[in-house]
Amino acid sequence: ATAVLPAPRPGSRTAARAASRSRRRTPPKRSALLTVAVPSACVMGVAGIAAASVGSGGGNERNETTAATDTTGVQPATANNKLDTQLESLTADADDFADRASRTQERIDLKAQQAAEKKRAAAEAARKERLRPKFALPVEQEGISAYYGQAGINWMSVHTGIDFPVSYGTTVRAATDGVVRTEWNSAYGNMAIVTAKDGTETWYCHLSTYKVASGTEVKAGDPIAYSGNSGNSTGPHLHFEVRPGAGDAIDPLPWLRSHGLNPT
């Protein structure tokens, strides 16, 4: 016969332990189908919520997508236009700079050309000046009708110059470079005096008229007057004198020959 244990008294520790042992049972085995199905249901539920969200907001997303597409379509065009404008501006600036640089170079070239031409002209003038005769006969016609130191009834004293037998109105030229001075003298008539840089004076007497005014600077060979018969004269001719340092007259013939000129 099975022994019957006495029932524990309510509220005792023994009763509590007995109740605890009676509750510790082996958990039942879960079905594999249930284990797989529950997570699948959760996934399906999440997918459904996502689908619902997509379905409810589809219009806005399409608009946003369209807007985004439009934006991505417009932005590059705007940027390209801006770049084109900048390139055009840069090209215009480059062309303007090139044009200004070209004009500047042209001015530089022109100044250089003008300087070169001025230098060449100065060199040519210097060359001509070196080659230019510094002394000239007072008239082109050769021959002398009266010499220095002659005496006679035609002169109050000895002759102080030489006479060139030229017709009335013959061109008279400066024998040296210098400054012209014109004056009247009762014996010499209308006369022109050319004073050279070294102080030598050459006198041109019995003139009819003057070609240049008093104070004019002339070079040897320049026309200064015209021959005549003014003053104490027996007929048209040119009386020519040379006075070094504005002093007494000397024989003009040796002086002319010393400068390579021979009127005879």
# chains A, B, ... in the order shown; residues from 1 in each chain; ligands from 1

$ residues_around --residues "Glu140 in chain A" --least-positions-apart "6" --cutoff "10 Å" --atoms "only C-alpha atoms" --output "PyMOL selection string"
chain A and resi 164+166+170-173+221+263

$ write_last_selection --atoms "N, CA, C and O atoms" --output "short mmCIF file (atom, residue, chain, number, x, y, z; two decimals), in the first residue's frame"
data_model
loop_
_atom_site.label_atom_id
_atom_site.label_comp_id
_atom_site.auth_asym_id
_atom_site.auth_seq_id
_atom_site.Cartn_x
_atom_site.Cartn_y
_atom_site.Cartn_z
N PHE A 164 84.11 144.13 -108.84
CA PHE A 164 83.63 143.11 -109.79
C PHE A 164 82.76 143.84 -110.83
O PHE A 164 81.75 144.47 -110.48
N VAL A 166 80.08 143.88 -112.75
CA VAL A 166 78.80 143.19 -113.01
C VAL A 166 77.75 144.23 -113.40
O VAL A 166 77.87 145.42 -113.08
N THR A 170 72.65 142.43 -110.50
CA THR A 170 73.26 141.11 -110.33
C THR A 170 73.14 140.67 -108.87
O THR A 170 73.33 141.49 -107.95
N THR A 171 72.87 139.39 -108.69
CA THR A 171 72.73 138.86 -107.32
C THR A 171 74.08 138.88 -106.61
O THR A 171 75.09 138.41 -107.13
N VAL A 172 74.06 139.43 -105.41
CA VAL A 172 75.25 139.50 -104.56
C VAL A 172 75.07 138.49 -103.42
O VAL A 172 74.02 138.46 -102.76
N ARG A 173 76.10 137.68 -103.17
CA ARG A 173 76.01 136.61 -102.18
C ARG A 173 76.98 136.86 -101.03
O ARG A 173 78.03 137.49 -101.19
N GLY A 221 77.34 132.02 -99.52
CA GLY A 221 76.66 131.71 -100.77
C GLY A 221 75.21 132.14 -100.80
O GLY A 221 74.57 132.09 -101.87
N PRO A 263 88.74 134.68 -107.99
CA PRO A 263 87.80 135.43 -108.84
C PRO A 263 88.36 135.83 -110.20
O PRO A 263 87.62 136.34 -111.06
#

$ residues_around --residues "range 129-136 of chain A" --least-positions-apart "2" --cutoff "8 Å" --atoms "only C-alpha atoms" --output "VMD selection string"
chain A and resid 125 to 127 138 173 to 177 219 to 221 259 261

$ write_last_selection --atoms "C-alpha atoms" --output "mmCIF file, in the first residue's frame"
data_model
loop_
_atom_site.group_PDB
_atom_site.id
_atom_site.type_symbol
_atom_site.label_atom_id
_atom_site.label_comp_id
_atom_site.auth_asym_id
_atom_site.auth_seq_id
_atom_site.Cartn_x
_atom_site.Cartn_y
_atom_site.Cartn_z
ATOM 1 C CA ALA A 125 72.334 117.623 -92.006
ATOM 2 C CA ALA A 126 75.671 117.245 -90.235
ATOM 3 C CA ARG A 127 77.121 115.588 -93.328
ATOM 4 C CA PRO A 138 80.331 137.478 -103.765
ATOM 5 C CA ARG A 173 76.011 136.611 -102.177
ATOM 6 C CA ALA A 174 77.509 136.403 -98.694
ATOM 7 C CA ALA A 175 81.190 135.471 -98.764
ATOM 8 C CA THR A 176 81.024 133.935 -95.241
ATOM 9 C CA ASP A 177 78.544 132.733 -92.671
ATOM 10 C CA LYS A 219 75.429 131.251 -94.726
ATOM 11 C CA ALA A 220 78.165 131.553 -97.287
ATOM 12 C CA GLY A 221 76.660 131.712 -100.774
ATOM 13 C CA HIS A 259 89.931 129.864 -98.792
ATOM 14 C CA LEU A 261 88.436 130.894 -104.183
#

$ residues_around --residues "Ala192 in chain A" --least-positions-apart "5" --cutoff "12 Å" --atoms "only C-alpha atoms" --output "ChimeraX atom specification"
/A:138,172-175,178-185,201-216,223-227,238-241

$ closest_residue --among "A:Asp99, A:Ala79, A:Thr91, A:Ala187" --to "Ser230 in chain A" --atoms "only C-alpha atoms"
A:Ala187

$ select_by_dssp --residues "range 111-253 of chain A" --states "strand (DSSP E or B)" --output "PDB file with N, CA and C atoms, in the first residue's frame"
ATOM      1  N   PHE A 135      83.011 129.360 -97.537  1.00  0.00           N
ATOM      2  CA  PHE A 135      83.356 130.631 -98.153  1.00  0.00           C
ATOM      3  C   PHE A 135      82.872 130.605 -99.592  1.00  0.00           C
ATOM      4  N   ALA A 146      89.043 146.378-110.805  1.00  0.00           N
ATOM      5  CA  ALA A 146      89.932 147.232-110.013  1.00  0.00           C
ATOM      6  C   ALA A 146      90.451 146.419-108.844  1.00  0.00           C
ATOM      7  N   ILE A 162      88.316 145.388-103.917  1.00  0.00           N
ATOM      8  CA  ILE A 162      88.372 144.979-105.323  1.00  0.00           C
ATOM      9  C   ILE A 162      86.976 145.181-105.914  1.00  0.00           C
ATOM     10  N   ASP A 163      86.953 145.464-107.244  1.00  0.00           N
ATOM     11  CA  ASP A 163      85.691 145.701-107.921  1.00  0.00           C
ATOM     12  C   ASP A 163      85.394 144.560-108.890  1.00  0.00           C
ATOM     13  N   PHE A 164      84.106 144.127-108.840  1.00  0.00           N
ATOM     14  CA  PHE A 164      83.628 143.115-109.790  1.00  0.00           C
ATOM     15  C   PHE A 164      82.758 143.837-110.826  1.00  0.00           C
ATOM     16  N   THR A 171      72.865 139.386-108.688  1.00  0.00           N
ATOM     17  CA  THR A 171      72.728 138.862-107.325  1.00  0.00           C
ATOM     18  C   THR A 171      74.077 138.880-106.610  1.00  0.00           C
ATOM     19  N   VAL A 172      74.061 139.434-105.407  1.00  0.00           N
ATOM     20  CA  VAL A 172      75.248 139.500-104.555  1.00  0.00           C
ATOM     21  C   VAL A 172      75.067 138.494-103.420  1.00  0.00           C
ATOM     22  N   ARG A 173      76.104 137.683-103.165  1.00  0.00           N
ATOM     23  CA  ARG A 173      76.011 136.611-102.177  1.00  0.00           C
ATOM     24  C   ARG A 173      76.984 136.858-101.028  1.00  0.00           C
ATOM     25  N   THR A 176      80.826 134.770 -96.426  1.00  0.00           N
ATOM     26  CA  THR A 176      81.024 133.935 -95.241  1.00  0.00           C
ATOM     27  C   THR A 176      79.684 133.734 -94.536  1.00  0.00           C
ATOM     28  N   GLY A 178      77.419 134.426 -91.355  1.00  0.00           N
ATOM     29  CA  GLY A 178      77.411 135.556 -90.431  1.00  0.00           C
ATOM     30  C   GLY A 178      76.065 136.246 -90.382  1.00  0.00           C
ATOM     31  N   VAL A 179      76.071 137.422 -89.799  1.00  0.00           N
ATOM     32  CA  VAL A 179      74.863 138.226 -89.616  1.00  0.00           C
ATOM     33  C   VAL A 179      74.990 139.490 -90.474  1.00  0.00           C
ATOM     34  N   VAL A 180      73.889 139.794 -91.170  1.00  0.00           N
ATOM     35  CA  VAL A 180      73.885 140.927 -92.097  1.00  0.00           C
ATOM     36  C   VAL A 180      73.523 142.224 -91.363  1.00  0.00           C
ATOM     37  N   ARG A 181      74.235 143.274 -91.751  1.00  0.00           N
ATOM     38  CA  ARG A 181      73.888 144.631 -91.295  1.00  0.00           C
ATOM     39  C   ARG A 181      73.839 145.538 -92.519  1.00  0.00           C
ATOM     40  N   THR A 182      72.733 146.247 -92.675  1.00  0.00           N
ATOM     41  CA  THR A 182      72.599 147.128 -93.839  1.00  0.00           C
ATOM     42  C   THR A 182      72.680 148.595 -93.384  1.00  0.00           C
ATOM     43  N   GLU A 183      73.256 149.437 -94.250  1.00  0.00           N
ATOM     44  CA  GLU A 183      73.355 150.872 -93.931  1.00  0.00           C
ATOM     45  C   GLU A 183      73.651 151.671 -95.210  1.00  0.00           C
ATOM     46  N   TRP A 184      73.554 152.997 -95.055  1.00  0.00           N
ATOM     47  CA  TRP A 184      73.846 153.904 -96.167  1.00  0.00           C
ATOM     48  C   TRP A 184      75.111 154.691 -95.855  1.00  0.00           C
ATOM     49  N   ASN A 185      75.925 154.878 -96.920  1.00  0.00           N
ATOM     50  CA  ASN A 185      77.146 155.680 -96.784  1.00  0.00           C
ATOM     51  C   ASN A 185      77.285 156.526 -98.047  1.00  0.00           C
ATOM     52  N   GLY A 189      77.441 154.242-100.852  1.00  0.00           N
ATOM     53  CA  GLY A 189      76.040 154.091-101.214  1.00  0.00           C
ATOM     54  C   GLY A 189      75.336 153.071-100.327  1.00  0.00           C
ATOM     55  N   ASN A 190      74.431 152.308-100.928  1.00  0.00           N
ATOM     56  CA  ASN A 190      73.772 151.217-100.166  1.00  0.00           C
ATOM     57  C   ASN A 190      74.797 150.101 -99.948  1.00  0.00           C
ATOM     58  N   MET A 191      75.000 149.745 -98.714  1.00  0.00           N
ATOM     59  CA  MET A 191      76.004 148.733 -98.413  1.00  0.00           C
ATOM     60  C   MET A 191      75.456 147.703 -97.427  1.00  0.00           C
ATOM     61  N   ALA A 192      75.971 146.482 -97.575  1.00  0.00           N
ATOM     62  CA  ALA A 192      75.635 145.411 -96.636  1.00  0.00           C
ATOM     63  C   ALA A 192      76.937 144.902 -96.046  1.00  0.00           C
ATOM     64  N   ILE A 193      76.922 144.649 -94.759  1.00  0.00           N
ATOM     65  CA  ILE A 193      78.108 144.158 -94.049  1.00  0.00           C
ATOM     66  C   ILE A 193      77.742 142.838 -93.388  1.00  0.00           C
ATOM     67  N   VAL A 194      78.529 141.797 -93.671  1.00  0.00           N
ATOM     68  CA  VAL A 194      78.312 140.487 -93.049  1.00  0.00           C
ATOM     69  C   VAL A 194      79.430 140.265 -92.039  1.00  0.00           C
ATOM     70  N   THR A 195      79.036 140.056 -90.782  1.00  0.00           N
ATOM     71  CA  THR A 195      80.007 139.821 -89.711  1.00  0.00           C
ATOM     72  C   THR A 195      80.052 138.337 -89.395  1.00  0.00           C
ATOM     73  N   GLU A 201      84.674 141.129 -91.044  1.00  0.00           N
ATOM     74  CA  GLU A 201      83.591 141.776 -91.777  1.00  0.00           C
ATOM     75  C   GLU A 201      83.900 141.761 -93.270  1.00  0.00           C
ATOM     76  N   THR A 202      82.858 141.454 -94.063  1.00  0.00           N
ATOM     77  CA  THR A 202      82.963 141.583 -95.521  1.00  0.00           C
ATOM     78  C   THR A 202      81.939 142.634 -95.945  1.00  0.00           C
ATOM     79  N   TRP A 203      82.426 143.605 -96.775  1.00  0.00           N
ATOM     80  CA  TRP A 203      81.574 144.718 -97.168  1.00  0.00           C
ATOM     81  C   TRP A 203      81.175 144.553 -98.640  1.00  0.00           C
ATOM     82  N   TYR A 204      79.896 144.899 -98.919  1.00  0.00           N
ATOM     83  CA  TYR A 204      79.322 144.814-100.270  1.00  0.00           C
ATOM     84  C   TYR A 204      78.708 146.188-100.547  1.00  0.00           C
ATOM     85  N   CYS A 205      79.305 146.928-101.508  1.00  0.00           N
ATOM     86  CA  CYS A 205      78.960 148.340-101.640  1.00  0.00           C
ATOM     87  C   CYS A 205      78.404 148.682-103.035  1.00  0.00           C
ATOM     88  N   HIS A 206      77.776 149.912-103.113  1.00  0.00           N
ATOM     89  CA  HIS A 206      77.143 150.450-104.315  1.00  0.00           C
ATOM     90  C   HIS A 206      75.936 149.595-104.737  1.00  0.00           C
ATOM     91  N   LEU A 207      75.209 149.029-103.773  1.00  0.00           N
ATOM     92  CA  LEU A 207      74.080 148.133-104.059  1.00  0.00           C
ATOM     93  C   LEU A 207      72.868 148.927-104.536  1.00  0.00           C
ATOM     94  N   SER A 208      71.989 148.223-105.248  1.00  0.00           N
ATOM     95  CA  SER A 208      70.720 148.846-105.646  1.00  0.00           C
ATOM     96  C   SER A 208      69.648 148.581-104.586  1.00  0.00           C
ATOM     97  N   THR A 209      69.479 147.339-104.202  1.00  0.00           N
ATOM     98  CA  THR A 209      68.489 146.967-103.174  1.00  0.00           C
ATOM     99  C   THR A 209      69.032 145.811-102.342  1.00  0.00           C
ATOM    100  N   TYR A 210      68.308 145.543-101.237  1.00  0.00           N
ATOM    101  CA  TYR A 210      68.676 144.440-100.343  1.00  0.00           C
ATOM    102  C   TYR A 210      67.688 143.273-100.514  1.00  0.00           C
ATOM    103  N   GLU A 217      70.559 136.197 -90.222  1.00  0.00           N
ATOM    104  CA  GLU A 217      71.704 135.301 -90.195  1.00  0.00           C
ATOM    105  C   GLU A 217      71.757 134.527 -91.504  1.00  0.00           C
ATOM    106  N   VAL A 218      72.917 134.546 -92.143  1.00  0.00           N
ATOM    107  CA  VAL A 218      73.059 133.916 -93.450  1.00  0.00           C
ATOM    108  C   VAL A 218      74.253 132.970 -93.450  1.00  0.00           C
ATOM    109  N   PRO A 223      72.058 134.551-101.141  1.00  0.00           N
ATOM    110  CA  PRO A 223      71.832 135.875-101.735  1.00  0.00           C
ATOM    111  C   PRO A 223      71.467 136.887-100.652  1.00  0.00           C
ATOM    112  N   ILE A 224      72.088 138.064-100.705  1.00  0.00           N
ATOM    113  CA  ILE A 224      71.810 139.080 -99.680  1.00  0.00           C
ATOM    114  C   ILE A 224      71.388 140.415-100.300  1.00  0.00           C
ATOM    115  N   ALA A 225      71.733 140.663-101.556  1.00  0.00           N
ATOM    116  CA  ALA A 225      71.415 141.968-102.158  1.00  0.00           C
ATOM    117  C   ALA A 225      71.601 141.878-103.672  1.00  0.00           C
ATOM    118  N   TYR A 226      71.408 143.075-104.325  1.00  0.00           N
ATOM    119  CA  TYR A 226      71.589 143.159-105.779  1.00  0.00           C
ATOM    120  C   TYR A 226      72.519 144.340-106.079  1.00  0.00           C
ATOM    121  N   SER A 227      73.387 144.138-107.048  1.00  0.00           N
ATOM    122  CA  SER A 227      74.374 145.174-107.374  1.00  0.00           C
ATOM    123  C   SER A 227      73.693 146.409-107.967  1.00  0.00           C
ATOM    124  N   GLY A 228      74.410 147.550-107.881  1.00  0.00           N
ATOM    125  CA  GLY A 228      73.838 148.786-108.405  1.00  0.00           C
ATOM    126  C   GLY A 228      74.909 149.826-108.671  1.00  0.00           C
ATOM    127  N   HIS A 237      78.657 148.248-110.588  1.00  0.00           N
ATOM    128  CA  HIS A 237      79.677 147.268-110.233  1.00  0.00           C
ATOM    129  C   HIS A 237      79.496 146.921-108.750  1.00  0.00           C
ATOM    130  N   LEU A 238      80.268 145.919-108.283  1.00  0.00           N
ATOM    131  CA  LEU A 238      80.259 145.573-106.851  1.00  0.00           C
ATOM    132  C   LEU A 238      81.636 145.860-106.277  1.00  0.00           C
ATOM    133  N   HIS A 239      81.663 146.706-105.271  1.00  0.00           N
ATOM    134  CA  HIS A 239      82.891 146.960-104.513  1.00  0.00           C
ATOM    135  C   HIS A 239      82.877 146.030-103.297  1.00  0.00           C
ATOM    136  N   PHE A 240      83.967 145.219-103.163  1.00  0.00           N
ATOM    137  CA  PHE A 240      84.023 144.207-102.109  1.00  0.00           C
ATOM    138  C   PHE A 240      85.253 144.445-101.241  1.00  0.00           C
ATOM    139  N   GLU A 241      85.060 144.462 -99.913  1.00  0.00           N
ATOM    140  CA  GLU A 241      86.153 144.653 -98.963  1.00  0.00           C
ATOM    141  C   GLU A 241      86.139 143.545 -97.916  1.00  0.00           C
ATOM    142  N   VAL A 242      87.337 143.293 -97.320  1.00  0.00           N
ATOM    143  CA  VAL A 242      87.486 142.341 -96.202  1.00  0.00           C
ATOM    144  C   VAL A 242      88.193 143.063 -95.066  1.00  0.00           C
ATOM    145  N   ARG A 243      87.606 143.037 -93.866  1.00  0.00           N
ATOM    146  CA  ARG A 243      88.162 143.720 -92.692  1.00  0.00           C
ATOM    147  C   ARG A 243      88.189 142.742 -91.508  1.00  0.00           C
ATOM    148  N   ILE A 250      91.912 144.808 -95.762  1.00  0.00           N
ATOM    149  CA  ILE A 250      93.058 144.094 -96.311  1.00  0.00           C
ATOM    150  C   ILE A 250      92.750 143.751 -97.765  1.00  0.00           C
TER     151      ILE A 250
END

$ select_by_dssp --residues "range 113-166 of chain A" --states "helix (DSSP H, G or I)" --output "JSON, numbers by chain"
{"A": [113, 114, 115, 116, 117, 118, 119, 120, 121, 122, 123, 124, 125, 126, 127, 128, 129, 130, 131]}
